file target09.cif (mmCIF, C-alpha atoms)
data_work
#
loop_
_atom_site.label_atom_id
_atom_site.label_comp_id
_atom_site.auth_asym_id
_atom_site.auth_seq_id
_atom_site.Cartn_x
_atom_site.Cartn_y
_atom_site.Cartn_z
CA MET R 176 -96.92 -3.90 54.10
CA PRO R 177 -97.00 -3.11 50.35
CA PHE R 178 -98.91 -0.04 49.25
CA GLN R 179 -102.32 -1.07 47.86
CA LEU R 180 -103.89 1.37 45.43
CA LEU R 181 -107.31 0.00 44.47
CA ALA R 182 -109.96 -0.91 47.03
CA ALA R 183 -111.86 -4.16 46.55
CA ASP R 184 -115.04 -2.34 45.54
CA GLU R 185 -113.40 -0.14 42.89
CA PRO R 186 -113.71 -0.89 39.15
CA ALA R 187 -111.30 -3.26 37.45
CA PRO R 188 -108.27 -1.75 35.69
CA PHE R 189 -109.72 -2.56 32.27
CA LEU R 190 -113.06 -3.16 30.63
CA GLU R 191 -113.72 -5.39 27.67
CA ALA R 192 -116.45 -6.44 25.28
CA GLY R 193 -116.95 -8.79 22.36
CA GLU R 194 -114.22 -11.30 23.21
CA ARG R 195 -115.87 -13.83 20.91
CA GLY R 196 -116.23 -11.37 18.05
CA ARG R 197 -115.62 -12.88 14.63
CA SER R 198 -113.72 -9.92 13.22
CA PRO R 199 -109.96 -9.99 12.60
CA PHE R 200 -109.80 -6.60 14.32
CA VAL R 201 -108.90 -6.13 17.99
CA ILE R 202 -109.55 -2.61 19.26
CA VAL R 203 -107.77 -1.14 22.27
CA VAL R 204 -108.21 2.21 24.03
CA ASP R 205 -105.25 3.23 26.18
CA HIS R 206 -106.73 6.47 27.53
CA ALA R 207 -110.39 5.57 27.84
CA SER R 208 -111.20 6.86 31.33
CA ARG R 209 -110.63 9.85 33.63
CA ARG R 210 -111.29 7.79 36.78
CA ILE R 211 -108.92 8.32 39.73
CA PRO R 212 -108.58 5.68 42.48
CA ARG R 213 -110.20 6.90 45.71
CA ARG R 214 -106.94 6.62 47.60
CA LEU R 215 -105.40 9.28 45.34
CA GLY R 216 -108.23 11.79 45.71
CA SER R 217 -108.05 14.23 42.80
CA LEU R 218 -104.24 14.10 42.55
CA GLY R 219 -104.37 17.67 43.85
CA LEU R 220 -106.17 18.96 40.75
CA PRO R 221 -109.44 20.88 40.50
CA PRO R 222 -112.37 19.04 38.85
CA SER R 223 -112.07 21.19 35.73
CA GLU R 224 -108.63 19.78 34.95
CA LEU R 225 -109.89 16.20 35.27
CA GLN R 226 -112.40 16.88 32.49
CA ARG R 227 -109.66 17.82 30.03
CA HIS R 228 -107.48 15.90 27.61
CA ILE R 229 -104.70 15.70 30.19
CA ALA R 230 -106.83 13.14 32.05
CA TRP R 231 -108.24 11.06 29.17
CA ASP R 232 -108.96 10.85 25.45
CA ILE R 233 -112.38 12.47 25.22
CA GLY R 234 -114.73 10.47 23.00
CA ALA R 235 -112.26 7.68 22.26
CA LEU R 236 -114.06 4.92 24.15
CA ALA R 237 -117.47 5.89 22.77
CA VAL R 238 -116.15 5.76 19.21
CA ALA R 239 -114.28 2.51 19.84
CA ARG R 240 -117.37 0.83 21.28
CA ARG R 241 -119.35 1.69 18.16
CA VAL R 242 -116.57 0.56 15.84
CA ALA R 243 -116.18 -2.72 17.72
CA ALA R 244 -119.94 -3.36 17.55
CA ALA R 245 -120.06 -2.55 13.83
CA LEU R 246 -117.15 -4.87 13.05
CA ASP R 247 -118.01 -7.57 15.62
CA ALA R 248 -114.56 -7.03 17.11
CA PRO R 249 -113.16 -7.52 20.63
CA LEU R 250 -112.53 -4.35 22.61
CA VAL R 251 -110.19 -3.85 25.57
CA ALA R 252 -110.00 -0.43 27.24
CA GLN R 253 -108.03 0.99 30.14
CA ASN R 254 -110.24 2.06 33.04
CA TYR R 255 -108.23 4.70 34.96
CA SER R 256 -106.85 8.10 34.05
CA ARG R 257 -103.53 8.46 32.31
CA LEU R 258 -102.68 10.93 35.08
CA VAL R 259 -102.48 7.93 37.45
CA ILE R 260 -100.30 5.99 35.02
CA ASP R 261 -100.15 6.26 31.25
CA CYS R 262 -101.00 2.89 29.73
CA ASN R 263 -99.37 3.93 26.46
CA ARG R 264 -95.96 4.64 27.99
CA ASP R 265 -93.29 2.19 29.01
CA PRO R 266 -93.20 2.26 32.83
CA LYS R 267 -89.45 2.79 32.58
CA VAL R 268 -90.05 6.22 31.01
CA ALA R 269 -90.37 9.20 33.35
CA ALA R 270 -93.59 10.36 31.64
CA SER R 271 -95.27 7.07 32.60
CA ILE R 272 -96.52 8.81 35.77
CA PRO R 273 -96.54 12.45 34.66
CA ARG R 274 -95.55 15.16 37.11
CA SER R 275 -96.93 17.75 34.69
CA SER R 276 -99.08 17.68 31.55
CA GLU R 277 -99.62 20.54 29.11
CA SER R 278 -97.93 22.89 31.61
CA VAL R 279 -100.24 21.75 34.45
CA GLU R 280 -98.41 20.42 37.51
CA ILE R 281 -99.85 17.18 38.95
CA PRO R 282 -99.26 17.54 42.72
CA GLY R 283 -100.33 13.98 43.52
CA ASN R 284 -97.61 12.59 41.25
CA ILE R 285 -94.69 14.43 42.82
CA GLY R 286 -92.44 12.69 45.33
CA LEU R 287 -93.91 9.21 44.96
CA SER R 288 -92.22 6.40 46.82
CA ASP R 289 -91.07 3.31 44.96
CA ASP R 290 -93.97 1.35 46.48
CA GLU R 291 -96.53 3.94 45.40
CA ALA R 292 -95.24 3.96 41.82
CA ALA R 293 -95.06 0.16 41.75
CA ALA R 294 -98.69 -0.10 42.89
CA ARG R 295 -99.80 1.95 39.91
CA ARG R 296 -97.82 -0.27 37.55
CA ASP R 297 -98.93 -3.51 39.19
CA GLU R 298 -102.60 -2.69 39.71
CA ILE R 299 -103.46 -0.65 36.59
CA PHE R 300 -100.83 -0.81 33.84
CA ALA R 301 -99.91 -4.49 34.08
CA PRO R 302 -103.44 -5.98 34.25
CA TYR R 303 -104.54 -3.96 31.21
CA HIS R 304 -101.61 -5.07 29.08
CA HIS R 305 -101.75 -8.63 30.40
CA ARG R 306 -105.36 -8.78 29.21
CA VAL R 307 -104.44 -7.48 25.77
CA SER R 308 -101.59 -10.01 25.58
CA ALA R 309 -103.83 -12.87 26.70
CA LEU R 310 -106.42 -12.01 24.06
CA LEU R 311 -103.78 -11.87 21.32
CA ASP R 312 -102.20 -15.13 22.56
CA ALA R 313 -105.57 -16.88 22.45
CA ARG R 314 -106.20 -15.70 18.90
CA LEU R 315 -102.76 -16.91 17.84
CA ALA R 316 -103.36 -20.31 19.44
CA ALA R 317 -106.67 -20.56 17.59
CA ASN R 318 -104.95 -19.55 14.32
CA ARG R 319 -107.15 -16.48 14.01
CA PRO R 320 -105.87 -13.53 11.96
CA THR R 321 -105.54 -10.31 13.96
CA ILE R 322 -105.28 -6.62 13.06
CA LEU R 323 -104.61 -4.35 16.04
CA VAL R 324 -106.32 -0.94 16.17
CA ALA R 325 -105.45 1.60 18.88
CA GLN R 326 -108.07 4.34 19.18
CA HIS R 327 -107.10 7.77 20.51
CA THR R 328 -108.32 11.35 20.35
CA MET R 329 -106.42 14.65 20.32
CA THR R 330 -107.20 18.22 21.32
CA HIS R 331 -108.30 20.68 18.64
CA ILE R 332 -106.16 23.40 20.26
CA PHE R 333 -102.69 22.68 21.64
CA HIS R 334 -100.67 25.41 23.38
CA GLY R 335 -102.88 28.02 21.73
CA ALA R 336 -102.52 26.69 18.17
CA ARG R 337 -105.48 25.18 16.35
CA ARG R 338 -105.03 21.81 14.71
CA GLU R 339 -106.55 21.83 11.26
CA MET R 340 -106.52 18.07 10.68
CA HIS R 341 -109.75 16.24 11.46
CA ALA R 342 -107.97 12.99 12.27
CA ALA R 343 -104.61 11.30 11.91
CA VAL R 344 -103.18 7.88 11.17
CA LEU R 345 -100.07 6.94 13.15
CA TYR R 346 -97.45 4.19 12.91
CA ASN R 347 -93.78 3.52 13.53
CA ARG R 348 -91.69 0.95 11.64
CA ASP R 349 -94.54 -0.85 9.88
CA ARG R 350 -96.74 1.26 7.61
CA ARG R 351 -98.43 -1.62 5.77
CA PHE R 352 -101.89 -1.45 7.27
CA ALA R 353 -101.73 2.15 8.47
CA GLY R 354 -101.05 3.37 4.93
CA LEU R 355 -104.10 1.55 3.60
CA THR R 356 -106.25 2.99 6.40
CA LEU R 357 -104.95 6.45 5.57
CA ASP R 358 -105.84 5.98 1.90
CA ALA R 359 -109.35 4.86 2.83
CA LEU R 360 -110.00 7.80 5.16
CA ARG R 361 -108.64 10.28 2.61
CA ARG R 362 -111.24 9.26 0.03
CA ASP R 363 -113.49 11.83 1.68
CA ALA R 364 -112.09 15.00 0.12
CA SER R 365 -113.82 17.19 2.72
CA LEU R 366 -111.55 15.82 5.45
CA LEU R 367 -107.93 16.54 6.28
CA ILE R 368 -106.39 13.28 7.51
CA ALA R 369 -102.81 13.65 8.71
CA ASP R 370 -100.03 11.13 8.16
CA ASN R 371 -98.02 10.62 11.37
CA GLU R 372 -98.91 14.11 12.62
CA PRO R 373 -99.19 15.77 15.10
CA TYR R 374 -97.79 12.65 16.78
CA PHE R 375 -95.97 9.57 15.57
CA VAL R 376 -95.49 6.21 17.23
CA SER R 377 -92.09 5.53 18.80
CA ASP R 378 -90.57 3.28 21.43
CA GLU R 379 -89.99 6.34 23.65
CA THR R 380 -93.51 7.78 23.50
CA ASP R 381 -95.68 4.68 22.99
CA TYR R 382 -96.09 1.20 24.40
CA THR R 383 -99.16 -0.48 22.90
CA ILE R 384 -98.26 -0.50 19.21
CA PRO R 385 -94.54 -1.34 19.69
CA HIS R 386 -95.26 -4.02 22.30
CA HIS R 387 -98.44 -5.67 21.01
CA GLY R 388 -98.32 -4.81 17.31
CA GLU R 389 -94.75 -4.55 16.07
CA ALA R 390 -93.21 -7.10 18.43
CA ARG R 391 -95.76 -9.70 17.30
CA GLY R 392 -95.57 -8.78 13.64
CA LEU R 393 -99.29 -7.97 13.57
CA PRO R 394 -100.72 -5.50 11.08
CA HIS R 395 -101.80 -2.47 13.07
CA VAL R 396 -102.79 1.18 13.07
CA GLU R 397 -103.22 3.94 15.62
CA ILE R 398 -106.00 6.42 14.89
CA GLU R 399 -106.38 9.90 16.39
CA ILE R 400 -109.59 11.91 16.02
CA ARG R 401 -109.91 15.56 16.98
CA GLN R 402 -111.87 15.67 20.22
CA ASP R 403 -114.22 18.49 19.29
CA LEU R 404 -115.56 16.24 16.51
CA VAL R 405 -116.43 13.35 18.86
CA SER R 406 -117.46 15.08 22.08
CA GLY R 407 -121.15 14.34 21.39
CA GLU R 408 -123.11 11.28 20.32
CA SER R 409 -123.77 12.41 16.75
CA GLY R 410 -120.08 12.99 16.08
CA GLN R 411 -119.17 9.73 17.75
CA ALA R 412 -121.63 7.82 15.57
CA GLU R 413 -120.44 9.59 12.41
CA TRP R 414 -116.78 8.93 13.05
CA ALA R 415 -117.33 5.36 14.19
CA GLU R 416 -119.11 4.60 10.94
CA ARG R 417 -116.35 6.31 8.95
CA ILE R 418 -113.58 4.43 10.75
CA ALA R 419 -115.34 1.07 10.52
CA ARG R 420 -115.72 1.52 6.74
CA ALA R 421 -112.08 2.57 6.38
CA LEU R 422 -110.82 -0.40 8.38
CA GLU R 423 -112.87 -2.84 6.30
CA GLU R 424 -111.60 -1.27 3.09
CA ALA R 425 -108.03 -1.39 4.35
CA GLU R 426 -108.45 -5.04 5.32
CA ARG R 427 -109.67 -5.96 1.83
CA ALA R 428 -106.74 -4.14 0.23
CA PHE R 429 -104.33 -5.72 2.68
CA LEU R 430 -105.47 -9.20 1.74
CA GLN R 431 -105.64 -8.48 -1.98
CA ASN R 432 -102.12 -7.07 -2.00
CA GLY R 433 -100.81 -10.07 -0.11
CA LEU R 434 -99.22 -7.87 2.54
CA SER R 435 -99.89 -10.33 5.35
#
call {"tool": "encode", "arguments": {"input": "target09.cif", "output": "structure tokens"}}
result
Amino acid sequence: MPFQLLAADEPAPFLEAGERGRSPFVIVVDHASRRIPRRLGSLGLPPSELQRHIAWDIGALAVARRVAAALDAPLVAQNYSRLVIDCNRDPKVAASIPRSSESVEIPGNIGLSDDEAAARRDEIFAPYHHRVSALLDARLAANRPTILVAQHTMTHIFHGARREMHAAVLYNRDRRFAGLTLDALRRDASLLIADNEPYFVSDETDYTIPHHGEARGLPHVEIEIRQDLVSGESGQAEWAERIARALEEAERAFLQNGLS
């Protein structure tokens, strides 16, 4: 009998809002939750580790919800921890189900059978990305313009070193919309907005932007915010307003410059 991961009474693998939103933006959150399926317990980790960045992008969903509401945009967010399976990694990559993260060993991810790994792909990763694909397909069929926004957050300290940037704009092969978003965010001279740092999008380290953005030829951007700036409601509201303004400005410039 195949290994079944999620019980019938557990939450769905994704959550969504605003499907009928009128905005050209579609917002996705790959690391929105720190939830672990009951069958996996705590993956062998103490509760303190499941509060950290290794389990989820702290503040990302709260910011994305506010941005989506401000823009009247659809939102799709992953609903289980990236420690179970990383929804922004190709399942073919070893780091898709991490055996360690930031030097922390994940006991519950070591020695998985093929069936156990497949259940994580089939019950969490695939439904999330199928939903994103279905939403984008429906917009294409309705001849609706779409700009894909992937919302993430990053730690303010990584391996003992403090990150000075407040946020970052990431991209891979296509900088058209990301560059305009970067310009808009950098208009606030009090902020340090990084360009493809401390991460950059690639086929090896990312799935959402290459698969749903680049492969479809959609304008897109990935945004990282430092987690200490959005760990509370006031910071989440401030950054959501800032990002919504920047996205609207970038959209206007995108259309005016005829980049579509």
call {"tool": "resolve_selection", "arguments": {"input": "target09.cif", "expression": "the PyMOL selection byres ((chain R and resi 417) around 12)", "output": "ChimeraX atom specification"}}
result
/R:238-239,241-242,245-246,342,356-357,359-363,366,398,400,410-416,418-424
call {"tool": "resolve_selection", "arguments": {"input": "target09.cif", "expression": "the PyMOL selection byres ((chain R and resi 300-311) around 10)", "output": "PDB file with C-alpha atoms, keeping the file's coordinate frame"}}
result
ATOM      1  CA  ALA R 187    -111.300  -3.260  37.450  1.00  0.00           C
ATOM      2  CA  PRO R 188    -108.270  -1.750  35.690  1.00  0.00           C
ATOM      3  CA  PHE R 189    -109.720  -2.560  32.270  1.00  0.00           C
ATOM      4  CA  LEU R 190    -113.060  -3.160  30.630  1.00  0.00           C
ATOM      5  CA  GLU R 191    -113.720  -5.390  27.670  1.00  0.00           C
ATOM      6  CA  GLU R 194    -114.220 -11.300  23.210  1.00  0.00           C
ATOM      7  CA  VAL R 201    -108.900  -6.130  17.990  1.00  0.00           C
ATOM      8  CA  ILE R 202    -109.550  -2.610  19.260  1.00  0.00           C
ATOM      9  CA  VAL R 203    -107.770  -1.140  22.270  1.00  0.00           C
ATOM     10  CA  ASP R 205    -105.250   3.230  26.180  1.00  0.00           C
ATOM     11  CA  PRO R 249    -113.160  -7.520  20.630  1.00  0.00           C
ATOM     12  CA  LEU R 250    -112.530  -4.350  22.610  1.00  0.00           C
ATOM     13  CA  VAL R 251    -110.190  -3.850  25.570  1.00  0.00           C
ATOM     14  CA  ALA R 252    -110.000  -0.430  27.240  1.00  0.00           C
ATOM     15  CA  GLN R 253    -108.030   0.990  30.140  1.00  0.00           C
ATOM     16  CA  ASN R 254    -110.240   2.060  33.040  1.00  0.00           C
ATOM     17  CA  TYR R 255    -108.230   4.700  34.960  1.00  0.00           C
ATOM     18  CA  ARG R 257    -103.530   8.460  32.310  1.00  0.00           C
ATOM     19  CA  VAL R 259    -102.480   7.930  37.450  1.00  0.00           C
ATOM     20  CA  ILE R 260    -100.300   5.990  35.020  1.00  0.00           C
ATOM     21  CA  ASP R 261    -100.150   6.260  31.250  1.00  0.00           C
ATOM     22  CA  CYS R 262    -101.000   2.890  29.730  1.00  0.00           C
ATOM     23  CA  ASN R 263     -99.370   3.930  26.460  1.00  0.00           C
ATOM     24  CA  ARG R 264     -95.960   4.640  27.990  1.00  0.00           C
ATOM     25  CA  ASP R 265     -93.290   2.190  29.010  1.00  0.00           C
ATOM     26  CA  PRO R 266     -93.200   2.260  32.830  1.00  0.00           C
ATOM     27  CA  SER R 271     -95.270   7.070  32.600  1.00  0.00           C
ATOM     28  CA  ALA R 293     -95.060   0.160  41.750  1.00  0.00           C
ATOM     29  CA  ALA R 294     -98.690  -0.100  42.890  1.00  0.00           C
ATOM     30  CA  ARG R 295     -99.800   1.950  39.910  1.00  0.00           C
ATOM     31  CA  ARG R 296     -97.820  -0.270  37.550  1.00  0.00           C
ATOM     32  CA  ASP R 297     -98.930  -3.510  39.190  1.00  0.00           C
ATOM     33  CA  GLU R 298    -102.600  -2.690  39.710  1.00  0.00           C
ATOM     34  CA  ILE R 299    -103.460  -0.650  36.590  1.00  0.00           C
ATOM     35  CA  ASP R 312    -102.200 -15.130  22.560  1.00  0.00           C
ATOM     36  CA  ALA R 313    -105.570 -16.880  22.450  1.00  0.00           C
ATOM     37  CA  ARG R 314    -106.200 -15.700  18.900  1.00  0.00           C
ATOM     38  CA  LEU R 315    -102.760 -16.910  17.840  1.00  0.00           C
ATOM     39  CA  ALA R 316    -103.360 -20.310  19.440  1.00  0.00           C
ATOM     40  CA  ALA R 317    -106.670 -20.560  17.590  1.00  0.00           C
ATOM     41  CA  ARG R 319    -107.150 -16.480  14.010  1.00  0.00           C
ATOM     42  CA  PRO R 320    -105.870 -13.530  11.960  1.00  0.00           C
ATOM     43  CA  THR R 321    -105.540 -10.310  13.960  1.00  0.00           C
ATOM     44  CA  ILE R 322    -105.280  -6.620  13.060  1.00  0.00           C
ATOM     45  CA  LEU R 323    -104.610  -4.350  16.040  1.00  0.00           C
ATOM     46  CA  TYR R 382     -96.090   1.200  24.400  1.00  0.00           C
ATOM     47  CA  THR R 383     -99.160  -0.480  22.900  1.00  0.00           C
ATOM     48  CA  HIS R 386     -95.260  -4.020  22.300  1.00  0.00           C
ATOM     49  CA  HIS R 387     -98.440  -5.670  21.010  1.00  0.00           C
ATOM     50  CA  GLY R 388     -98.320  -4.810  17.310  1.00  0.00           C
ATOM     51  CA  ARG R 391     -95.760  -9.700  17.300  1.00  0.00           C
ATOM     52  CA  LEU R 393     -99.290  -7.970  13.570  1.00  0.00           C
TER      53      LEU R 393
END
call {"tool": "closest_residue", "arguments": {"input": "target09.cif", "among": "R:Ala243, R:Val344, R:Ile368, R:Leu430", "to": "Phe200 (chain R)", "atoms": "all atoms listed in the file"}}
result
R:Ala243
call {"tool": "resolve_selection", "arguments": {"input": "target09.cif", "expression": "the PyMOL selection byres ((chain R and resi 339) around 10)", "output": "PyMOL selection string"}}
result
chain R and resi 331-332+336-338+340-342+366-369+401
call {"tool": "closest_residue", "arguments": {"input": "target09.cif", "among": "R:Arg195, R:Arg274, R:Arg348, R:His327", "to": "Leu236 (chain R)", "atoms": "only C-alpha atoms"}}
result
R:His327
call {"tool": "atom_distance", "arguments": {"input": "target09.cif", "atom1": "CA of Ala425 (chain R)", "atom2": "CA of Leu355 (chain R)"}}
result
5.0 Å
call {"tool": "atom_distance", "arguments": {"input": "target09.cif", "atom1": "CA of Gly433 (chain R)", "atom2": "CA of Phe352 (chain R)"}}
result
11.4 Å
call {"tool": "closest_residue", "arguments": {"input": "target09.cif", "among": "R:His395, R:Arg227, R:Arg240, R:Lys267", "to": "Tyr346 (chain R)", "atoms": "all atoms listed in the file"}}
result
R:His395
call {"tool": "atom_distance", "arguments": {"input": "target09.cif", "atom1": "CA of Leu181 (chain R)", "atom2": "CA of Ser208 (chain R)"}}
result
15.3 Å
call {"tool": "residues_near_point", "arguments": {"input": "target09.cif", "point": "(-99.7, 19.6, 32.1)", "cutoff": "12 Å", "atoms": "all atoms listed in the file", "output": "PDB file with C-alpha atoms, in the frame of the given file"}}
result
ATOM      1  CA  LEU R 220    -106.170  18.960  40.750  1.00  0.00           C
ATOM      2  CA  GLU R 224    -108.630  19.780  34.950  1.00  0.00           C
ATOM      3  CA  LEU R 225    -109.890  16.200  35.270  1.00  0.00           C
ATOM      4  CA  ARG R 227    -109.660  17.820  30.030  1.00  0.00           C
ATOM      5  CA  HIS R 228    -107.480  15.900  27.610  1.00  0.00           C
ATOM      6  CA  ILE R 229    -104.700  15.700  30.190  1.00  0.00           C
ATOM      7  CA  ALA R 230    -106.830  13.140  32.050  1.00  0.00           C
ATOM      8  CA  ARG R 257    -103.530   8.460  32.310  1.00  0.00           C
ATOM      9  CA  LEU R 258    -102.680  10.930  35.080  1.00  0.00           C
ATOM     10  CA  ALA R 270     -93.590  10.360  31.640  1.00  0.00           C
ATOM     11  CA  ILE R 272     -96.520   8.810  35.770  1.00  0.00           C
ATOM     12  CA  PRO R 273     -96.540  12.450  34.660  1.00  0.00           C
ATOM     13  CA  ARG R 274     -95.550  15.160  37.110  1.00  0.00           C
ATOM     14  CA  SER R 275     -96.930  17.750  34.690  1.00  0.00           C
ATOM     15  CA  SER R 276     -99.080  17.680  31.550  1.00  0.00           C
ATOM     16  CA  GLU R 277     -99.620  20.540  29.110  1.00  0.00           C
ATOM     17  CA  SER R 278     -97.930  22.890  31.610  1.00  0.00           C
ATOM     18  CA  VAL R 279    -100.240  21.750  34.450  1.00  0.00           C
ATOM     19  CA  GLU R 280     -98.410  20.420  37.510  1.00  0.00           C
ATOM     20  CA  ILE R 281     -99.850  17.180  38.950  1.00  0.00           C
ATOM     21  CA  PRO R 282     -99.260  17.540  42.720  1.00  0.00           C
ATOM     22  CA  ASN R 284     -97.610  12.590  41.250  1.00  0.00           C
ATOM     23  CA  PHE R 333    -102.690  22.680  21.640  1.00  0.00           C
ATOM     24  CA  HIS R 334    -100.670  25.410  23.380  1.00  0.00           C
TER      25      HIS R 334
END
call {"tool": "closest_residue", "arguments": {"input": "target09.cif", "among": "R:Asp232, R:Glu389, R:Glu399, R:Glu408", "to": "Ala207 (chain R)", "atoms": "all atoms listed in the file"}}
result
R:Asp232
call {"tool": "decode", "arguments": {"input": "target09.cif", "residues": "region 226-239 of chain R", "atoms": "C-alpha atoms", "output": "PDB file, in the first residue's frame"}}
result
ATOM      1  CA  GLN R 226      10.359  28.564  14.664  1.00  0.00           C
ATOM      2  CA  ARG R 227      13.437  29.537  12.654  1.00  0.00           C
ATOM      3  CA  HIS R 228      14.083  30.412   9.034  1.00  0.00           C
ATOM      4  CA  ILE R 229      15.094  26.829   8.287  1.00  0.00           C
ATOM      5  CA  ALA R 230      11.405  25.902   8.575  1.00  0.00           C
ATOM      6  CA  TRP R 231       9.727  28.850   6.804  1.00  0.00           C
ATOM      7  CA  ASP R 232      10.061  32.421   5.559  1.00  0.00           C
ATOM      8  CA  ILE R 233       9.057  34.409   8.624  1.00  0.00           C
ATOM      9  CA  GLY R 234       6.666  37.234   7.744  1.00  0.00           C
ATOM     10  CA  ALA R 235       6.454  36.395   4.044  1.00  0.00           C
ATOM     11  CA  LEU R 236       2.826  35.280   4.006  1.00  0.00           C
ATOM     12  CA  ALA R 237       1.658  38.197   6.147  1.00  0.00           C
ATOM     13  CA  VAL R 238       3.330  40.680   3.800  1.00  0.00           C
ATOM     14  CA  ALA R 239       2.051  38.879   0.703  1.00  0.00           C
TER      15      ALA R 239
END
